[in-house]
Every structure is written in structure tokens, then in C-alpha cells.
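Report on the following structure.
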Amino acid sequence: MQKTKEQSDNSQAEAKQAQEEKIKRHLRLLEAALYVAGRPLTINELCSVLSTRSKNKTKKYTKALIREYSTRNTALEILELKDERYVLQLKADFTPLVRKLVNRPLLSSGPLKTLSYIAYRQPISQKRVIQARGQHAYGHVKLLRDMGLVAAEHAGRSMTLRTTDYFADYFGLTHDTSTMKRELKRIFGEAMKV
Amino acid sequence: MQKTKEQSDNSQAEAKQAQEEKIKRHLRLLEAALYVAGRPLTINELCSVLSTRSKNKTKKYTKALIREYSTRNTALEILELKDERYVLQLKADFTPLVRKLVNRPLLSSGPLKTLSYIAYRQPISQKRVIQARGQHAYGHVKLLRDMGLVAAEHAGRSMTLRTTDYFADYFGLTHDTSTMKRELKRIFGEAMKV
Amino acid sequence: MSTATRKPFYLRPPWNILFEINKLEKLTPWNVNISYLLRSFLSEMERTGKVDFRASGVALDSSALIYLMKSKLLLTLQEPPAPPKPPPDFIPPPLFLPLRHELTSTTIEHLLSVLDEVLKGEKLHRIDKVVSQPVLPAASDILPQFDAFLAELDLQMEKLYKLLREKVKGAGIIEFSTLIKGIDRIEAVNKFILLLFLAQDGKVSLWQNEETEELYIAVGKLNVAKDERTI
């Protein structure tokens with residue numbers, strides 16, 4: 001009897017340890033995903049990182065990670081955004097202190113021009129982008145799609161381009177395209193007055 | 001007398017607390033710097049973040065941060081590289097699990113092989129690279145140059161290729177070509193053993 | 001078979017090789033024994049007593065050619081063997097890039113500053129603007145006032161209808177080719193368009209013979225056979 005109890009205790013302890021290991025592993029996976037993405041990730045993206053379909057489970061883990069970060073003394077923070085999206089970022093008060101170390105542009109000048117044009121005219125056919133920006137813009141569109149800044153929709157033989165949520169997040173714009181275009185036009189108009 | 005001792009105790013405790021606060025603040029500043037840079041930072045760059053001229057002090061803080069990261073259960077690591085440079089990055093075993101979330105054109109295996117070859121044989125003529133890697137390597141060289149990993153020097157009709165400082169930083173290698181080649185031989189030797 | 005039409009002996013094997021150059025080219029020269037061929041050729045000529053100097057000349061020429069082919073092969077054999085290919089260069093394994101988050105310096109201000117340039121460039125390139133400009137002068141420039149135009153149209157339709165009614169008397173129908181006989185092309189097109197308007201109003205019926213492509217015009221509604229097409 002004694003032995004059986006001991007065995008049962010052992011296996012319980014083992015199961016508990018395995019469970020703890022699993023939790024730790026999940027937290028680290030979420031941390032890895034948020035770190036390399038450098039942008040807000042949707043709950044679905046986080047589910048796919050944990051190879052689970054359960055949004056609830058993923059949310060539970062993400063909230064545990066948020067708590068871990070907030071109790072730890074660190075320059076980084078994890079925030080929950082609207083629409084069940086989560087982001088790992090530098091705490092705002094550190095930004096001015098380390099800004100001088102940021103010197104790599106997101107894109108070189110050519111692709112950036114093509115991106116600005118797509119954002120301003122979206123939704124726009126790839127054909128019109130090429131007409132306005134020249135043949136080399138094919139390469140730009142490919143790069144912008146690879147970087148997740150622009151999404152393409154095939155309609156027969158033509159392709160319609162628009163900016164993605166990642167684009168909006170990066171430049172701090174709203175996700176809704178038509179509002180974004182108004183925002184862009186307004187900011188652009190103000191910039192032109194200067 | 002009693003009062004004086006108390007006062008002294010108090011002020012000691014305060015001083016100690018202030019010192020601890022300062023240490024914490026320095027660690028967080030270094031963490032913030034390494035996080036936003038996404039590349040190895042030199043000890044001089046880190047000194048400027050802490051607004052100090054003392055390399056020793058900065059090194060001490062950086063090593064404390066490295067220890068903090070290694071004892072903490074995290075997906076990230078801080079490494080000390082040659083030439084007193086430090087980098088924050090994802091632990092390599094998480095790479096395959098979150099690679100798909102990276103919004104940067106990452107290199108596929110073909111261009112990476114061409115890059116390895118150029119790094120290993122540099123300075124090397126483009127012609128020899130094509131001989132060794134095949135016609136498709138023209139595209140690889142263009143991509144690597146576009147990404148700033150490889151630089152080309154025209155010498156008459158031929159073109160000499162070598163890796164850039166950005167390349168060295170990316171892989172945590174030293175900037176000096178001959179030392180870097182020795183480092184690479186060691187890395188490749190280890191990779192070949194696996 | 002008469003002697004006169006019989007083939008000369010040298011066109012038979014084995015000597016035919018010497019007289020059929022195209023076969024010669026397909027042979028491996030080392031398989032041809034020139035000495036044997038020439039000796040037997042001579043002795044056969046002697047035996048038959050029919051000496052043909054042209055045949056001897058051709059045999060000599062072919063032998064020289066075979067000899068040349070043999071020499072060329074020998075020279076190829078004597079060429080030094082190709083140096084062994086150098087072993088392929090060591091291709092190191094791919095260097096996998098460590099993943100690091102990196103803040104980038106591009107801001108919305110950068111995006112907007114390049115947008116200005118792009119929009120200026122767009123004005124130079126925009127094809128849709130060019131296309132949207134009317135290719136033809138506005139209708140008002142070439143057509144009289146709309147009401148006047150319609151009145152004129154009615155008048156012309158009325159004239160044509162009158163003409164048709166006169167022409168179809170008796171037969172009931174008239175061919176389009178008869179209607180436009182002797183008038184110029186523009187006038188013919190004009191008549192055709194007016195016919196379409198009349199048909200639309202139900203004043204005439206039109207149909208076309210698919211084979212002859214002749215267009216028939218009947219005044220008023222008409223029942224036509226199913227295999228003919230009305231317009």
C-alpha cells in the first residue's frame with residue numbers, strides 16, 4: 001500500500017513537472033514569435049505558433065506572458081491591442097534614449113516610393129502601379145508583398161494591390177483603408193503646406 | 001548618538017537603494033539599446049547609451065545583463081562577440097518555429113550558400129562564384145548586394161566580391177577579413193561534422 | 001540482260017566503297033583496307049581486260065580521301081589527354097541568419113515626402129488621363145443641334161420610305177444592291193443606316209441571304225422563312 005502511494009505521488013509529481021515544462025515552452029514560443037515579428041500578432045497567428053486551435057488556451061498563455069513581463073524589471077512590454085492582437089515593444093520612455101542607434105531604413109527609396117503610391121491610390125491594379133512607377137516596380141511589389149506591407153488579390157488576369165494591417169501598424173495609421181486614405185491625404189496635405 | 005546611528009543607517013540604506021536603482025536603470029538602458037539596434041553594438045556605442053566614458057563600467061553592466069538573460073527562462077539571448085561587441089537575438093533553436101512571422105526578406109538556402117561561398121573565398125571574382133555555384137548565382141549576387149551583405153568592386157570588366165561590415169555584424173563575426181575567414185572555417189567545420 | 005547495260009564490276013562490293021562517296025563518309029576509315037581494295041581492283045580490271053582510266057582516277061581519289069581520314073584519326077589519338085577536371089571547389093554550408101528584431105528608421109514623414117515625388121511623376125506617366133480625353137471632337141462640333149438632327153433624320157427616313165414604297169410595287173421586295181446601284185459609298189452607308197432606323201420603327205423588314213449575303217428589303221412586316229435571318 002505504502003509503495004503504491006509512493007508510486008502515485010511520483011507519477012503525480014512527474015505529470016506536474018511535465019505540465020510546467022509545457023507551460024514554460026509555450027510562453028517561450030509566444031515570446032519568440034512576438035520578438036521576431038516586431039509587430040502586433042493576431043490571436044490566430046499566436047495559435048498557429050502554439051500549434052493549437054484553442055484561442056482560449058492561447059489567450060491564457062499570452063496573458064501569463066504579459067504578467068511575466070510586467071512583474072519583471074525590463075525595458076520591454078507586451079500589450080494587448082484591439083481585436084485580440086498582441087505586441088512586444090520597447091517601453092515608450094526608453095525610445096528617445098536609444099533612438100540614435102536606429103539607423104536602418106525599412107525600405108530603400110525606390111520600393112518606399114512604390115509603397116507610398118500604393119497606399120495613396122489603393123485599391124489599385126498592379127498594371128497602374130507599373131504605368132506610374134516603371135518596370136522596376138514589379139520587383140518593388142514583390143518585395144513589399146514578401147515583407148507583408150502590401151497584399152495582392154487576383155481578379156482574373158489582373159492583380160489588385162492594397163496595404164496590409166502591418167503597414168498601418170508600422171506607420172501608426174488606422175486599419176480601415178478608406179479612413180486611412182483620408183488620413184494620408186490630410187497628413188499629406190498638411191505636409192505639402194509646410 | 002542613537003539618533004545619529006539611525007540617521008546614518010537610513011542614509012546608507014537610501015544610498016544603497018539609489019545605487020540599486022541606478023544599476024537597474026543602466027541594465028534597462030542597455031537592454032533597450034540592444035533591442036532596438038538588432039545588430040551587435042560596440043562597447044563605445046553602449047558607453048554612449050549609459051552616458052559614460054568608462055568602458056570597464058559599461059562592460060560590467062553588460063555582463064550583468066548577460067547573466068540576467070542566461071539565468072532567466074527566455075527565448076532571447078545576449079552574446080558577447082569578438083572586438084567587445086554585444087548582440088541580443090533569438091536563441092537559434094526557436095528560429096525554425098517562428099521564421100514564418102519575420103517580415104523581412106530572409107534568404108533561402110540557395111542565396112545563403114552563395115553568401116557562405118563568397119565569405120569563405122573573399123575577395124573573389126564574380127566569375128569564379130558563377131563557376132562554382134552555377135548561372136543562378138547571378139541572381140543571388142544581385143540579391144546579396146541589394147541586401148547590403150556583399151559589396152562589389154569593379155576592376156576593368158571583372159567584378160570582385162567581398163562581404164560587408166553589415167554582414168560581419170549580422171553573423172557576429174569580426175570585421176577583419178582574414179580573422180573572419182578563420183572564424184568561418186571553424187563554423188563550417190563544425191557544421192560539416194553534424 | 002545485255003552486256004552493254006550490265007553494271008561495271010567496280011560498282012559491286014567491295015569496290016563500290018571507292019565509288020560511292022556518301023557511303024564512304026559513314027564508314028569507320030580503319031575498317032577499310034585500301035591496299036586490298038586497290039590490288040583487287042587492278043587485278044579485276046586486268047582479268048576482264050576492260051581498262052577504264054576514269055574509274056582508276058576515282059578509285060585513287062577515294063583511296064587518298066580514306067587515307068586522309070585515317071591520318072586525321074591518328075592525329076586525334078595523339079593529342080594529349082584532357083587534363084583531369086579540378087575537383088569542385090568546397091562549397092560551405094549555408095550560413096543561417098540569426099533572427100533579431102530591429103527597429104527601422106522609416107517614418108510616416110519619409111513615406112509622405114517620397115509620395116510628393118511619386119505623384120509628380122504620376123502626372124507624366126498617367127495614361128488613363130490621356131485615354132479619358134475625347135479622341136473625337138465633341139458631338140456638338142460635328143453634329144447640328146440635337147433636335148435639328150432628329151428632325152433631319154425623320155425627314156430623310158420619310159424620303160427613303162417613300163422611295164421604297166414606289167420601288168417595291170409589284171414585287172413586294174427589293175434587294176439592297178438594287179437600291180444603292182449607281183450611288184456613291186457614303187450615300188450607300190447613309191441609306192443603310194436609315195434602313196436600320198426604319199426597321200426599328202417596324203416600317204420595313206430586312207433579312208439577309210446567308211450565302212449570297214444579299215440584303216432584302218420589304219415594306220411593312222413580313223413573315224420570313226426560318227432559315228433566313230432577319231435583322
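Chain labels A, B, ... are given in the sequence in which chains occur in the C-alpha cells; within each chain residues are numbered consecutively from 1, and ligands are likewise numbered from 1 in the order shown.
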Identify all residues of chain B in helix (DSSP H, G or I) (DSSP on the backbone) and supply them as a ChimeraX atom specification. /B:2-37,43-49,55-71,82-84,92-101,109-121,126-133,137-146,165-171,177-193
Using only C-alpha atoms and a cut-off of 7 Å, which residues of chain C sit close to chain B? Please list them as a VMD selection string. chain C and resid 89 91 to 95 97 to 103
Considering only C-alpha atoms, state which residue in the set A:His26, A:Arg182, A:His154, A:Arg145 is at the smallest distance from B:Asn73.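 The closest residue to B:Asn73 is A:His26.
Take atom CA of B:Leu101 and atom CA of B:Gly148: the distance between them is 22.0 Å.
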Using only C-alpha atoms, which residue out of B:Ala152, B:Leu161, B:Ala75, B:Glu68 lies closest to A:Arg28?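 Smallest distance to A:Arg28 is found for B:Ala75.
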Can you tell me how far atom CA of C:Arg165 sits from atom CA of C:Val189, in Å to one decimal?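 Interatomic distance here is 19.8 Å.
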Coordinates-based distance that separates atom CA of C:Val204 from atom CA of C:Val219 (Å, one decimal):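 Atom CA of C:Val204 lies at a distance of 4.4 Å from atom CA of C:Val219.
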Those in stretch 47-205 of chain C with strand (DSSP E) from DSSP, as a list in words: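 Put together, the selection reads Ile173, Ile174, Glu175, Val204 and Ser205 of chain C.
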With C-alpha atoms retained, export the selected residues as an mmCIF file, in the first residue's frame.
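selection21.cif, freshly written:
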data_model
loop_
_atom_site.group_PDB
_atom_site.id
_atom_site.type_symbol
_atom_site.label_atom_id
_atom_site.label_comp_id
_atom_site.auth_asym_id
_atom_site.auth_seq_id
_atom_site.Cartn_x
_atom_site.Cartn_y
_atom_site.Cartn_z
ATOM 1 C CA ILE C 173 -39.415 43.334 -102.029
ATOM 2 C CA ILE C 174 -36.266 44.962 -103.295
ATOM 3 C CA GLU C 175 -32.597 43.998 -102.943
ATOM 4 C CA VAL C 204 -39.661 47.842 -93.247
ATOM 5 C CA SER C 205 -38.426 44.280 -92.760
#
Excluding B:Tyr61 and any residue of its chain fewer than 4 positions from it, enumerate the residues within 7 Å of it, using only C-alpha atoms, and give them as a PyMOL selection string. chain B and resi 27+57+65
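Of the residues under consideration (B:Lys24, B:Arg162, B:Arg186, B:His136), B:Lys24 shows the shortest atom-to-atom contact distance to chain A when counting only C-alpha atoms.
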I'd like to know which of B:Gln7, B:Ser54, B:Thr62, B:Arg72 is closest to chain A, using only C-alpha atoms.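 Looking only at the distances to chain A, the closest residue turns out to be B:Arg72.
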